[in-house]
$ cat coords.tsv   # TSV, C-alpha atoms
chain	number	residue	atom	x	y	z
A	1	MET	CA	0.00	0.00	0.00
A	2	SER	CA	0.96	3.64	-0.34
A	3	SER	CA	2.33	5.02	2.91
A	4	ALA	CA	-0.76	7.18	3.46
A	5	LEU	CA	-3.11	4.23	3.06
A	6	SER	CA	-0.98	1.98	5.25
A	7	ASP	CA	-1.23	4.61	8.00
A	8	LEU	CA	-5.01	4.23	7.84
A	9	CYS	CA	-5.23	0.42	7.96
A	10	ARG	CA	-2.88	-2.50	8.65
A	11	HIS	CA	-4.38	-4.63	5.89
A	12	PRO	CA	-5.21	-3.59	2.30
A	13	ILE	CA	-8.90	-4.24	2.90
A	14	VAL	CA	-11.56	-1.53	2.72
A	15	GLN	CA	-15.19	-2.16	3.61
A	16	ALA	CA	-17.36	-0.54	0.97
A	17	PRO	CA	-19.83	2.15	2.03
A	18	MET	CA	-23.18	0.56	1.17
A	19	ALA	CA	-25.98	3.12	1.40
A	20	GLY	CA	-29.39	2.06	2.61
A	21	GLY	CA	-28.46	0.80	6.06
A	22	ALA	CA	-25.86	-1.95	5.55
A	23	SER	CA	-22.77	0.13	6.35
A	24	GLY	CA	-23.55	1.39	9.83
A	25	PRO	CA	-21.41	2.09	12.90
A	26	GLN	CA	-21.17	-1.52	14.06
A	27	LEU	CA	-19.83	-2.81	10.75
A	28	ALA	CA	-17.46	0.08	10.16
A	29	ALA	CA	-16.01	-0.12	13.66
A	30	ALA	CA	-15.59	-3.90	13.54
A	31	VAL	CA	-13.69	-3.76	10.24
A	32	SER	CA	-11.45	-0.92	11.43
A	33	GLU	CA	-10.74	-2.69	14.72
A	34	ALA	CA	-9.68	-5.80	12.76
A	35	GLY	CA	-7.12	-3.80	10.79
A	36	GLY	CA	-9.15	-2.93	7.70
A	37	LEU	CA	-10.71	0.42	6.87
A	38	GLY	CA	-14.37	0.61	7.81
A	39	PHE	CA	-16.74	3.04	6.11
A	40	LEU	CA	-20.02	4.73	6.96
A	41	ALA	CA	-22.43	5.40	4.11
A	42	ALA	CA	-23.89	8.88	4.47
A	43	GLY	CA	-26.04	8.49	1.34
A	44	TYR	CA	-29.80	8.77	1.99
A	45	LYS	CA	-29.17	10.01	5.54
A	46	THR	CA	-29.70	13.47	6.96
A	47	ALA	CA	-26.66	15.48	8.00
A	48	ASP	CA	-27.54	14.95	11.66
A	49	GLY	CA	-28.09	11.24	11.08
A	50	MET	CA	-24.60	11.02	9.58
A	51	TYR	CA	-23.11	12.92	12.51
A	52	GLN	CA	-24.80	10.66	15.07
A	53	GLU	CA	-23.35	7.61	13.33
A	54	ILE	CA	-19.89	9.17	13.31
A	55	LYS	CA	-20.15	9.65	17.08
A	56	GLN	CA	-21.19	6.03	17.47
A	57	VAL	CA	-18.17	4.79	15.51
A	58	ARG	CA	-15.86	6.93	17.61
A	59	GLY	CA	-17.33	5.31	20.69
A	60	LEU	CA	-16.63	1.84	19.30
A	61	THR	CA	-13.10	2.23	17.93
A	62	GLY	CA	-10.14	4.54	18.01
A	63	ARG	CA	-8.98	3.30	14.62
A	64	PRO	CA	-9.35	5.35	11.41
A	65	PHE	CA	-12.59	5.06	9.43
A	66	GLY	CA	-14.23	6.76	6.49
A	67	VAL	CA	-17.47	8.46	5.49
A	68	ASN	CA	-18.88	8.35	1.96
A	69	LEU	CA	-20.89	11.19	0.41
A	70	PHE	CA	-23.12	11.21	-2.68
A	71	MET	CA	-22.39	14.12	-4.99
A	72	PRO	CA	-25.38	16.37	-5.84
A	73	GLN	CA	-26.97	15.54	-9.18
A	74	ALA	CA	-26.97	18.29	-11.77
A	75	GLY	CA	-29.89	19.02	-14.07
A	76	GLN	CA	-33.39	17.65	-14.04
A	77	ALA	CA	-34.77	14.37	-15.29
A	78	ASP	CA	-37.41	14.17	-18.01
A	79	ALA	CA	-40.57	14.76	-15.98
A	80	SER	CA	-42.77	13.10	-18.59
A	81	ALA	CA	-40.65	9.93	-18.51
A	82	VAL	CA	-40.86	9.84	-14.71
A	83	ASP	CA	-44.64	10.30	-14.92
A	84	VAL	CA	-44.95	7.40	-17.36
A	85	TYR	CA	-42.94	5.22	-14.96
A	86	ARG	CA	-45.14	6.35	-12.08
A	87	HIS	CA	-48.20	5.07	-13.93
A	88	GLN	CA	-46.44	1.78	-14.66
A	89	LEU	CA	-45.79	1.34	-10.95
A	90	ALA	CA	-49.42	1.91	-9.96
A	91	GLY	CA	-50.03	-1.83	-9.75
A	92	GLU	CA	-47.11	-2.21	-7.35
A	93	ALA	CA	-48.57	0.51	-5.14
A	94	SER	CA	-51.88	-1.32	-5.05
A	95	TRP	CA	-50.25	-4.69	-4.39
A	96	TYR	CA	-48.15	-3.41	-1.46
A	97	LYS	CA	-50.92	-1.07	-0.27
A	98	THR	CA	-48.65	1.97	-0.14
A	99	PRO	CA	-48.54	5.26	-2.07
A	100	LEU	CA	-45.65	5.97	-4.38
A	101	GLY	CA	-43.05	8.45	-3.21
A	102	ASP	CA	-42.58	12.04	-4.34
A	103	PRO	CA	-39.97	12.07	-7.12
A	104	ASP	CA	-39.18	15.72	-6.36
A	105	SER	CA	-37.97	15.07	-2.81
A	106	GLY	CA	-34.52	16.56	-3.48
A	107	ARG	CA	-31.40	16.06	-5.60
A	108	ASP	CA	-28.49	17.08	-3.36
A	109	ASP	CA	-28.78	14.50	-0.50
A	110	GLY	CA	-27.91	17.21	2.03
A	111	TYR	CA	-24.42	17.44	0.56
A	112	ASP	CA	-23.48	20.93	1.75
A	113	ALA	CA	-24.64	20.33	5.31
A	114	LYS	CA	-22.80	17.02	5.51
A	115	LEU	CA	-19.66	18.56	4.09
A	116	ALA	CA	-19.80	21.40	6.61
A	117	ILE	CA	-19.91	18.89	9.46
A	118	LEU	CA	-16.97	16.93	8.04
A	119	VAL	CA	-14.87	20.10	7.76
A	120	GLU	CA	-15.86	21.31	11.22
A	121	ASP	CA	-15.36	17.93	12.94
A	122	PRO	CA	-13.05	15.95	10.64
A	123	VAL	CA	-12.94	12.20	10.13
A	124	PRO	CA	-9.84	10.37	8.81
A	125	VAL	CA	-11.23	9.60	5.32
A	126	VAL	CA	-13.99	10.99	3.12
A	127	SER	CA	-14.91	9.41	-0.21
A	128	PHE	CA	-17.24	10.63	-2.93
A	129	THR	CA	-19.58	8.82	-5.31
A	130	PHE	CA	-21.50	9.99	-8.44
A	131	GLY	CA	-19.03	12.72	-9.31
A	132	CYS	CA	-15.90	14.62	-8.38
A	133	PRO	CA	-15.86	17.45	-5.83
A	134	THR	CA	-14.35	20.84	-6.60
A	135	ARG	CA	-10.74	21.60	-5.78
A	136	GLU	CA	-12.01	24.01	-3.11
A	137	THR	CA	-13.87	21.18	-1.38
A	138	LEU	CA	-10.93	18.78	-1.52
A	139	ASP	CA	-8.53	21.48	-0.35
A	140	ALA	CA	-10.81	22.28	2.60
A	141	LEU	CA	-10.77	18.64	3.66
A	142	ALA	CA	-6.99	18.44	3.16
A	143	ARG	CA	-6.49	21.43	5.44
A	144	VAL	CA	-8.22	19.59	8.31
A	145	GLY	CA	-6.18	16.43	7.71
A	146	THR	CA	-8.78	14.32	5.90
A	147	TYR	CA	-7.68	11.81	3.26
A	148	THR	CA	-9.95	12.03	0.21
A	149	VAL	CA	-11.00	9.33	-2.26
A	150	VAL	CA	-13.09	9.74	-5.43
A	151	THR	CA	-14.94	6.79	-6.97
A	152	VAL	CA	-14.15	6.44	-10.69
A	153	THR	CA	-15.20	4.11	-13.48
A	154	SER	CA	-12.81	5.24	-16.24
A	155	PRO	CA	-9.30	6.66	-16.71
A	156	GLU	CA	-10.87	9.99	-17.68
A	157	GLU	CA	-12.73	10.20	-14.38
A	158	ALA	CA	-9.50	9.30	-12.57
A	159	GLN	CA	-7.74	12.16	-14.34
A	160	ALA	CA	-10.49	14.54	-13.23
A	161	ALA	CA	-10.07	13.36	-9.62
A	162	ARG	CA	-6.33	13.92	-9.79
A	163	TRP	CA	-6.71	17.41	-11.26
A	164	ALA	CA	-9.22	18.30	-8.53
A	165	GLY	CA	-6.74	17.28	-5.83
A	166	ALA	CA	-8.04	13.93	-4.52
A	167	ASP	CA	-5.57	11.81	-2.56
A	168	ALA	CA	-6.71	8.50	-4.12
A	169	VAL	CA	-9.26	6.96	-6.44
A	170	CYS	CA	-11.58	4.03	-5.85
A	171	VAL	CA	-11.65	2.21	-9.19
A	172	GLN	CA	-15.03	0.49	-9.56
A	173	GLY	CA	-15.34	-2.32	-12.07
A	174	VAL	CA	-18.60	-3.33	-13.69
A	175	GLU	CA	-18.71	-6.42	-11.41
A	176	ALA	CA	-19.52	-4.26	-8.37
A	177	GLY	CA	-22.81	-4.52	-6.53
A	178	GLY	CA	-25.00	-1.48	-5.98
A	179	HIS	CA	-24.75	1.72	-7.96
A	180	GLN	CA	-22.13	2.34	-10.59
A	181	GLY	CA	-20.30	5.47	-9.47
A	182	THR	CA	-20.07	7.11	-12.88
A	183	HIS	CA	-19.57	10.88	-12.82
A	184	ARG	CA	-22.02	11.41	-15.68
A	185	ASP	CA	-25.10	9.24	-16.03
A	186	ASP	CA	-25.24	8.50	-19.75
A	187	PRO	CA	-27.81	5.86	-20.79
A	188	ALA	CA	-25.70	5.12	-23.87
A	189	GLY	CA	-23.08	3.62	-21.56
A	190	ASP	CA	-25.37	1.27	-19.65
A	191	ARG	CA	-23.87	-1.82	-21.32
A	192	ALA	CA	-20.33	-0.47	-21.63
A	193	GLY	CA	-18.88	-1.10	-18.17
A	194	VAL	CA	-15.24	-2.22	-17.87
A	195	GLY	CA	-14.06	-5.20	-15.82
A	196	LEU	CA	-12.02	-4.47	-12.71
A	197	LEU	CA	-8.63	-5.93	-13.65
A	198	SER	CA	-8.58	-4.11	-16.97
A	199	LEU	CA	-9.80	-0.89	-15.39
A	200	VAL	CA	-7.20	-0.95	-12.59
A	201	THR	CA	-4.44	-1.32	-15.17
A	202	GLN	CA	-5.83	1.50	-17.31
A	203	VAL	CA	-6.17	3.86	-14.36
A	204	ARG	CA	-2.74	2.94	-12.97
A	205	GLU	CA	-1.19	3.88	-16.32
A	206	ALA	CA	-3.22	7.09	-16.54
A	207	VAL	CA	-2.69	8.64	-13.10
A	208	PRO	CA	0.17	8.45	-10.57
A	209	MET	CA	-1.97	8.15	-7.45
A	210	PRO	CA	-3.08	5.41	-5.02
A	211	VAL	CA	-5.78	3.05	-6.31
A	212	VAL	CA	-8.42	1.20	-4.30
A	213	ALA	CA	-9.96	-1.58	-6.42
A	214	ALA	CA	-13.66	-2.45	-6.10
A	215	GLY	CA	-15.91	-4.89	-7.91
A	216	GLY	CA	-16.91	-8.48	-7.21
A	217	LEU	CA	-14.08	-9.21	-4.75
A	218	MET	CA	-14.95	-11.95	-2.25
A	219	ARG	CA	-11.72	-13.90	-1.54
A	220	GLY	CA	-8.19	-13.11	-0.48
A	221	GLY	CA	-6.89	-14.60	-3.71
A	222	GLN	CA	-8.87	-12.01	-5.67
A	223	ILE	CA	-7.41	-9.28	-3.48
A	224	ALA	CA	-3.95	-10.60	-4.36
A	225	GLY	CA	-4.94	-10.39	-8.02
A	226	VAL	CA	-5.92	-6.72	-7.96
A	227	LEU	CA	-2.85	-5.84	-5.89
A	228	ALA	CA	-0.70	-7.58	-8.48
A	229	ALA	CA	-2.50	-5.55	-11.17
A	230	GLY	CA	-1.41	-2.33	-9.47
A	231	ALA	CA	-4.02	-1.55	-6.82
A	232	ASP	CA	-2.90	-0.40	-3.37
A	233	ALA	CA	-5.93	-1.84	-1.58
A	234	ALA	CA	-9.17	-3.70	-2.27
A	235	GLN	CA	-12.69	-2.57	-1.40
A	236	LEU	CA	-15.30	-5.24	-0.64
A	237	GLY	CA	-19.01	-4.64	-0.19
A	238	THR	CA	-21.05	-7.78	-0.85
A	239	ALA	CA	-18.55	-9.83	1.17
A	240	PHE	CA	-19.39	-7.76	4.27
A	241	LEU	CA	-23.12	-7.44	3.53
A	242	VAL	CA	-23.98	-10.74	5.21
A	243	CYS	CA	-21.93	-10.14	8.37
A	244	PRO	CA	-23.99	-9.96	11.58
A	245	GLU	CA	-22.79	-6.36	12.08
A	246	SER	CA	-24.25	-5.35	8.72
A	247	GLY	CA	-27.48	-3.41	8.89
A	248	ALA	CA	-28.82	-4.98	5.69
A	249	HIS	CA	-32.31	-6.50	5.90
A	250	ALA	CA	-32.34	-10.19	6.81
A	251	LEU	CA	-34.06	-11.03	3.51
A	252	HIS	CA	-31.31	-9.23	1.62
A	253	LYS	CA	-28.64	-11.22	3.47
A	254	GLN	CA	-30.42	-14.52	2.86
A	255	ALA	CA	-30.83	-13.79	-0.84
A	256	MET	CA	-27.06	-13.63	-1.40
A	257	THR	CA	-26.76	-17.42	-1.33
A	258	ASN	CA	-30.39	-18.38	-1.98
A	259	PRO	CA	-30.44	-20.64	-5.08
A	260	LEU	CA	-33.62	-18.85	-6.16
A	261	PHE	CA	-31.46	-15.87	-7.15
A	262	THR	CA	-28.99	-17.13	-9.70
A	263	ARG	CA	-27.54	-13.99	-11.25
A	264	THR	CA	-27.12	-10.24	-11.09
A	265	GLU	CA	-27.82	-7.49	-13.60
A	266	LEU	CA	-27.42	-3.75	-13.87
A	267	THR	CA	-30.80	-2.05	-13.65
A	268	ARG	CA	-32.42	1.37	-13.35
A	269	ALA	CA	-35.65	-0.11	-12.00
A	270	PHE	CA	-35.25	0.97	-8.38
A	271	SER	CA	-33.36	4.26	-8.55
A	272	GLY	CA	-33.12	5.52	-12.11
A	273	ARG	CA	-29.34	5.01	-12.09
A	274	PRO	CA	-27.51	1.81	-13.14
A	275	ALA	CA	-27.03	-0.46	-10.14
A	276	ARG	CA	-26.17	-4.14	-9.90
A	277	GLY	CA	-28.52	-6.38	-7.97
A	278	LEU	CA	-29.97	-9.87	-7.84
A	279	VAL	CA	-32.50	-10.37	-10.59
A	280	ASN	CA	-35.98	-10.58	-9.06
A	281	ARG	CA	-39.55	-10.00	-10.20
A	282	PHE	CA	-39.46	-6.22	-9.84
A	283	MET	CA	-36.27	-5.93	-11.86
A	284	ARG	CA	-37.56	-8.20	-14.62
A	285	GLU	CA	-40.91	-6.44	-14.93
A	286	HIS	CA	-39.81	-2.82	-14.61
A	287	GLY	CA	-36.11	-2.68	-15.48
A	288	PRO	CA	-36.63	-2.46	-19.25
A	289	TYR	CA	-38.88	0.60	-18.86
A	290	ALA	CA	-37.19	2.56	-16.06
A	291	PRO	CA	-36.02	6.02	-17.17
A	292	ALA	CA	-32.62	7.58	-16.57
A	293	ALA	CA	-33.88	9.67	-13.68
A	294	TYR	CA	-31.87	9.64	-10.46
A	295	PRO	CA	-32.78	10.37	-7.73
A	296	GLU	CA	-36.39	10.85	-8.89
A	297	VAL	CA	-36.98	7.12	-9.41
A	298	HIS	CA	-35.24	6.35	-6.10
A	299	HIS	CA	-37.71	8.61	-4.28
A	300	LEU	CA	-40.63	7.19	-6.31
A	301	THR	CA	-39.91	3.55	-5.45
A	302	SER	CA	-38.69	4.02	-1.88
A	303	PRO	CA	-42.10	3.29	-0.24
A	304	LEU	CA	-42.52	0.19	-2.45
A	305	ARG	CA	-39.16	-1.22	-1.40
A	306	LYS	CA	-39.89	-0.59	2.26
A	307	ALA	CA	-43.35	-2.17	1.98
A	308	ALA	CA	-41.90	-5.24	0.24
A	309	ALA	CA	-39.38	-5.68	3.04
A	310	THR	CA	-42.10	-5.31	5.68
A	311	ALA	CA	-44.19	-7.90	3.83
A	312	GLY	CA	-41.24	-10.31	3.71
A	313	ASP	CA	-41.17	-10.22	-0.09
A	314	PRO	CA	-37.64	-10.12	-1.57
A	315	GLN	CA	-39.15	-10.04	-5.07
A	316	GLY	CA	-40.00	-6.36	-4.56
A	317	MET	CA	-36.76	-5.30	-2.84
A	318	ALA	CA	-33.57	-3.84	-4.26
A	319	LEU	CA	-31.20	-6.74	-3.55
A	320	TRP	CA	-27.92	-5.04	-4.39
A	321	ALA	CA	-25.13	-7.56	-4.93
A	322	GLY	CA	-21.86	-7.93	-6.77
A	323	GLN	CA	-21.14	-10.71	-9.23
A	324	GLY	CA	-19.43	-12.79	-6.53
A	325	HIS	CA	-22.49	-12.90	-4.25
A	326	ARG	CA	-22.70	-16.72	-4.16
A	327	MET	CA	-19.32	-16.74	-2.39
A	328	ALA	CA	-20.64	-14.74	0.58
A	329	ARG	CA	-19.66	-16.09	3.99
A	330	GLU	CA	-21.75	-15.34	7.05
A	331	LEU	CA	-18.90	-14.52	9.41
A	332	PRO	CA	-18.43	-11.77	11.99
A	333	ALA	CA	-16.71	-8.84	10.29
A	334	ALA	CA	-13.46	-9.15	12.25
A	335	GLN	CA	-13.26	-12.86	11.51
A	336	LEU	CA	-13.92	-12.21	7.82
A	337	VAL	CA	-11.04	-9.71	7.73
A	338	ASP	CA	-8.78	-12.33	9.35
A	339	VAL	CA	-9.84	-14.98	6.82
A	340	LEU	CA	-9.30	-12.62	3.89
A	341	VAL	CA	-5.83	-11.70	5.17
A	342	ALA	CA	-4.92	-15.38	5.57
A	343	GLU	CA	-6.13	-16.10	2.02
A	344	LEU	CA	-4.19	-13.09	0.71
A	345	ASP	CA	-1.02	-14.26	2.44
A	346	ALA	CA	-1.48	-17.79	1.07
A	347	ALA	CA	-1.97	-16.47	-2.46
A	348	ARG	CA	1.13	-14.34	-2.22
A	349	ALA	CA	3.16	-17.25	-0.85
A	350	ALA	CA	1.96	-19.51	-3.65
A	351	LEU	CA	2.97	-16.89	-6.22
A	352	THR	CA	6.42	-16.56	-4.65
A	353	ARG	CA	6.89	-20.34	-4.79
A	354	ARG	CA	5.87	-20.46	-8.44
A	355	ASN	CA	8.22	-17.63	-9.35
A	356	ALA	CA	11.08	-19.35	-7.51
A	357	SER	CA	10.55	-22.73	-9.19
$ encode --input "coords.tsv" --output "structure tokens"
Amino acid sequence: MSSALSDLCRHPIVQAPMAGGASGPQLAAAVSEAGGLGFLAAGYKTADGMYQEIKQVRGLTGRPFGVNLFMPQAGQADASAVDVYRHQLAGEASWYKTPLGDPDSGRDDGYDAKLAILVEDPVPVVSFTFGCPTRETLDALARVGTYTVVTVTSPEEAQAARWAGADAVCVQGVEAGGHQGTHRDDPAGDRAGVGLLSLVTQVREAVPMPVVAAGGLMRGGQIAGVLAAGADAAQLGTAFLVCPESGAHALHKQAMTNPLFTRTELTRAFSGRPARGLVNRFMREHGPYAPAAYPEVHHLTSPLRKAAATAGDPQGMALWAGQGHRMARELPAAQLVDVLVAELDAARAALTRRNAS
């Protein structure tokens, strides 16, 4: 790892910030205590809700941890397309006996208020998704000693992060579960995602800065692979989703290894932005018609997803998952970190033996 990253965590293992409840204080603290880098997901939370979770993590560990912010979304979605989708979802609203949400509930996710808190009361690491902050923002965080990471999905986005003054980039391959962190949501690129190993190499050759690799990683041997490709650390989300410390819904955890759910796909069905999840009824029926409208579609479907969870129906939930979901292991977070480190060490030793023979 780069010296700055190694100061933050003993092992090159970062727990992905999974918005929606999975990445809470218990999970982040457990991973950091075990020598990884735990993360809180501030997405979909209020500024005060984020701050309360930061205080909880500080009460659970003295080790470094991170907070992830969603960048505000520029522009407005096609209101007519959102309205058409609203009418398509009317049957879901009737089935789950809940009204649809207001698509105009806000586009900035409380970004400025959250940022103000993080400058006033700094945390060790802040990462950004869905765009790149301004140089002024990154400089403000640097002045208070915060290490900054920008999620990227292309060499061009990595260049933008470098020019803006980020300390590192999180390179997200198409294998990753949850939302693709593209800086510009272009529907023409929905099927054009790049695999992690190729993307890490491209970014490493494009920018001289630390790289955190993310996308479908579930085993220590895979971590060894991305480190060999040039990454400084690996970020895992789905692997930690099923840990007891994860705040993910029990049905979501069970679905990871349920043979009923055989594959993942990228879909706009739940949020209006491409996100990888387990293919279920809702995704099959509505994915082909969902507009490029984030966060309008997220707000619209939020009550449906909550009602499906309350009804015990995973077929109506957003079951975010990476391509390696079937390899999920239901272990306490600290034990999972230990297992991953042991697997990483074994993979490295095996490579050394092969090179020496």
$ residues_near_point --input "coords.tsv" --point "(-4.7, -8.4, -4.9)" --cutoff "10 Å" --atoms "all atoms listed in the file" --output "ChimeraX atom specification"
/A:12-13,197,213,217,219-234,344,347-348
$ closest_residue --input "coords.tsv" --among "A:Pro291, A:Ala214, A:Cys132, A:Gly91" --to "A:Gly178" --atoms "all atoms listed in the file"
A:Ala214
$ residues_near_point --input "coords.tsv" --point "(-35.8, 0.2, -8.4)" --cutoff "12 Å" --atoms "only C-alpha atoms" --output "tab-separated table (two decimals) with C-alpha atoms, keeping the file's coordinate frame"
chain	number	residue	atom	x	y	z
A	85	TYR	CA	-42.94	5.22	-14.96
A	86	ARG	CA	-45.14	6.35	-12.08
A	89	LEU	CA	-45.79	1.34	-10.95
A	92	GLU	CA	-47.11	-2.21	-7.35
A	178	GLY	CA	-25.00	-1.48	-5.98
A	179	HIS	CA	-24.75	1.72	-7.96
A	266	LEU	CA	-27.42	-3.75	-13.87
A	267	THR	CA	-30.80	-2.05	-13.65
A	268	ARG	CA	-32.42	1.37	-13.35
A	269	ALA	CA	-35.65	-0.11	-12.00
A	270	PHE	CA	-35.25	0.97	-8.38
A	271	SER	CA	-33.36	4.26	-8.55
A	272	GLY	CA	-33.12	5.52	-12.11
A	273	ARG	CA	-29.34	5.01	-12.09
A	274	PRO	CA	-27.51	1.81	-13.14
A	275	ALA	CA	-27.03	-0.46	-10.14
A	276	ARG	CA	-26.17	-4.14	-9.90
A	277	GLY	CA	-28.52	-6.38	-7.97
A	278	LEU	CA	-29.97	-9.87	-7.84
A	279	VAL	CA	-32.50	-10.37	-10.59
A	280	ASN	CA	-35.98	-10.58	-9.06
A	281	ARG	CA	-39.55	-10.00	-10.20
A	282	PHE	CA	-39.46	-6.22	-9.84
A	283	MET	CA	-36.27	-5.93	-11.86
A	284	ARG	CA	-37.56	-8.20	-14.62
A	285	GLU	CA	-40.91	-6.44	-14.93
A	286	HIS	CA	-39.81	-2.82	-14.61
A	287	GLY	CA	-36.11	-2.68	-15.48
A	288	PRO	CA	-36.63	-2.46	-19.25
A	289	TYR	CA	-38.88	0.60	-18.86
A	290	ALA	CA	-37.19	2.56	-16.06
A	291	PRO	CA	-36.02	6.02	-17.17
A	292	ALA	CA	-32.62	7.58	-16.57
A	293	ALA	CA	-33.88	9.67	-13.68
A	294	TYR	CA	-31.87	9.64	-10.46
A	295	PRO	CA	-32.78	10.37	-7.73
A	296	GLU	CA	-36.39	10.85	-8.89
A	297	VAL	CA	-36.98	7.12	-9.41
A	298	HIS	CA	-35.24	6.35	-6.10
A	299	HIS	CA	-37.71	8.61	-4.28
A	300	LEU	CA	-40.63	7.19	-6.31
A	301	THR	CA	-39.91	3.55	-5.45
A	302	SER	CA	-38.69	4.02	-1.88
A	303	PRO	CA	-42.10	3.29	-0.24
A	304	LEU	CA	-42.52	0.19	-2.45
A	305	ARG	CA	-39.16	-1.22	-1.40
A	306	LYS	CA	-39.89	-0.59	2.26
A	308	ALA	CA	-41.90	-5.24	0.24
A	315	GLN	CA	-39.15	-10.04	-5.07
A	316	GLY	CA	-40.00	-6.36	-4.56
A	317	MET	CA	-36.76	-5.30	-2.84
A	318	ALA	CA	-33.57	-3.84	-4.26
A	319	LEU	CA	-31.20	-6.74	-3.55
A	320	TRP	CA	-27.92	-5.04	-4.39
$ closest_residue --input "coords.tsv" --among "A:Asp345, A:Gly66, A:Glu245, A:Pro103" --to "A:Ala81" --atoms "all atoms listed in the file"
A:Pro103
$ closest_residue --input "coords.tsv" --among "A:Val242, A:Val31, A:Ala161, A:Ala42" --to "A:Ala334" --atoms "all atoms listed in the file"
A:Val31
$ residues_around --input "coords.tsv" --residues "A:Pro72" --least-positions-apart "4" --cutoff "12 Å" --atoms "all atoms listed in the file" --output "PyMOL selection string"
chain A and resi 43-44+76+106-115+128-134+183-184+294-295
$ closest_residue --input "coords.tsv" --among "A:Leu118, A:Thr146, A:Gln235, A:Asp185" --to "A:Gly173" --atoms "only C-alpha atoms"
A:Gln235
$ residues_around --input "coords.tsv" --residues "A:Glu175" --least-positions-apart "6" --cutoff "12 Å" --atoms "all atoms listed in the file" --output "CSV table (one decimal) with C-alpha atoms, in the coordinates of the input"
chain,number,residue,atom,x,y,z
A,153,THR,CA,-15.2,4.1,-13.5
A,192,ALA,CA,-20.3,-0.5,-21.6
A,193,GLY,CA,-18.9,-1.1,-18.2
A,194,VAL,CA,-15.2,-2.2,-17.9
A,195,GLY,CA,-14.1,-5.2,-15.8
A,196,LEU,CA,-12.0,-4.5,-12.7
A,197,LEU,CA,-8.6,-5.9,-13.6
A,198,SER,CA,-8.6,-4.1,-17.0
A,199,LEU,CA,-9.8,-0.9,-15.4
A,213,ALA,CA,-10.0,-1.6,-6.4
A,214,ALA,CA,-13.7,-2.4,-6.1
A,215,GLY,CA,-15.9,-4.9,-7.9
A,216,GLY,CA,-16.9,-8.5,-7.2
A,217,LEU,CA,-14.1,-9.2,-4.8
A,218,MET,CA,-15.0,-12.0,-2.2
A,236,LEU,CA,-15.3,-5.2,-0.6
A,237,GLY,CA,-19.0,-4.6,-0.2
A,238,THR,CA,-21.0,-7.8,-0.8
A,263,ARG,CA,-27.5,-14.0,-11.2
A,264,THR,CA,-27.1,-10.2,-11.1
A,265,GLU,CA,-27.8,-7.5,-13.6
A,266,LEU,CA,-27.4,-3.8,-13.9
A,275,ALA,CA,-27.0,-0.5,-10.1
A,276,ARG,CA,-26.2,-4.1,-9.9
A,277,GLY,CA,-28.5,-6.4,-8.0
A,320,TRP,CA,-27.9,-5.0,-4.4
A,321,ALA,CA,-25.1,-7.6,-4.9
A,322,GLY,CA,-21.9,-7.9,-6.8
A,323,GLN,CA,-21.1,-10.7,-9.2
A,324,GLY,CA,-19.4,-12.8,-6.5
A,325,HIS,CA,-22.5,-12.9,-4.2
$ closest_residue --input "coords.tsv" --among "A:Met18, A:Pro122, A:Gly165, A:Val341" --to "A:Gly177" --atoms "all atoms listed in the file"
A:Met18
$ closest_residue --input "coords.tsv" --among "A:Met50, A:Met1, A:Ala346, A:Leu141" --to "A:Val126" --atoms "only C-alpha atoms"
A:Leu141
$ residues_around --input "coords.tsv" --residues "A:Gly62" --least-positions-apart "3" --cutoff "9 Å" --atoms "all atoms listed in the file" --output "CSV table (one decimal) with C-alpha atoms, keeping the file's coordinate frame"
chain,number,residue,atom,x,y,z
A,29,ALA,CA,-16.0,-0.1,13.7
A,32,SER,CA,-11.4,-0.9,11.4
A,33,GLU,CA,-10.7,-2.7,14.7
A,57,VAL,CA,-18.2,4.8,15.5
A,58,ARG,CA,-15.9,6.9,17.6
A,59,GLY,CA,-17.3,5.3,20.7
A,65,PHE,CA,-12.6,5.1,9.4
$ axis_aligned_box --input "coords.tsv" --around "stretch 66-76 of chain A" --padding-each-side "3 Å" --output "lines of an AutoDock Vina configuration file"
center_x = -23.8
center_y = 12.9
center_z = -3.8
size_x = 25.2
size_y = 18.3
size_z = 26.6
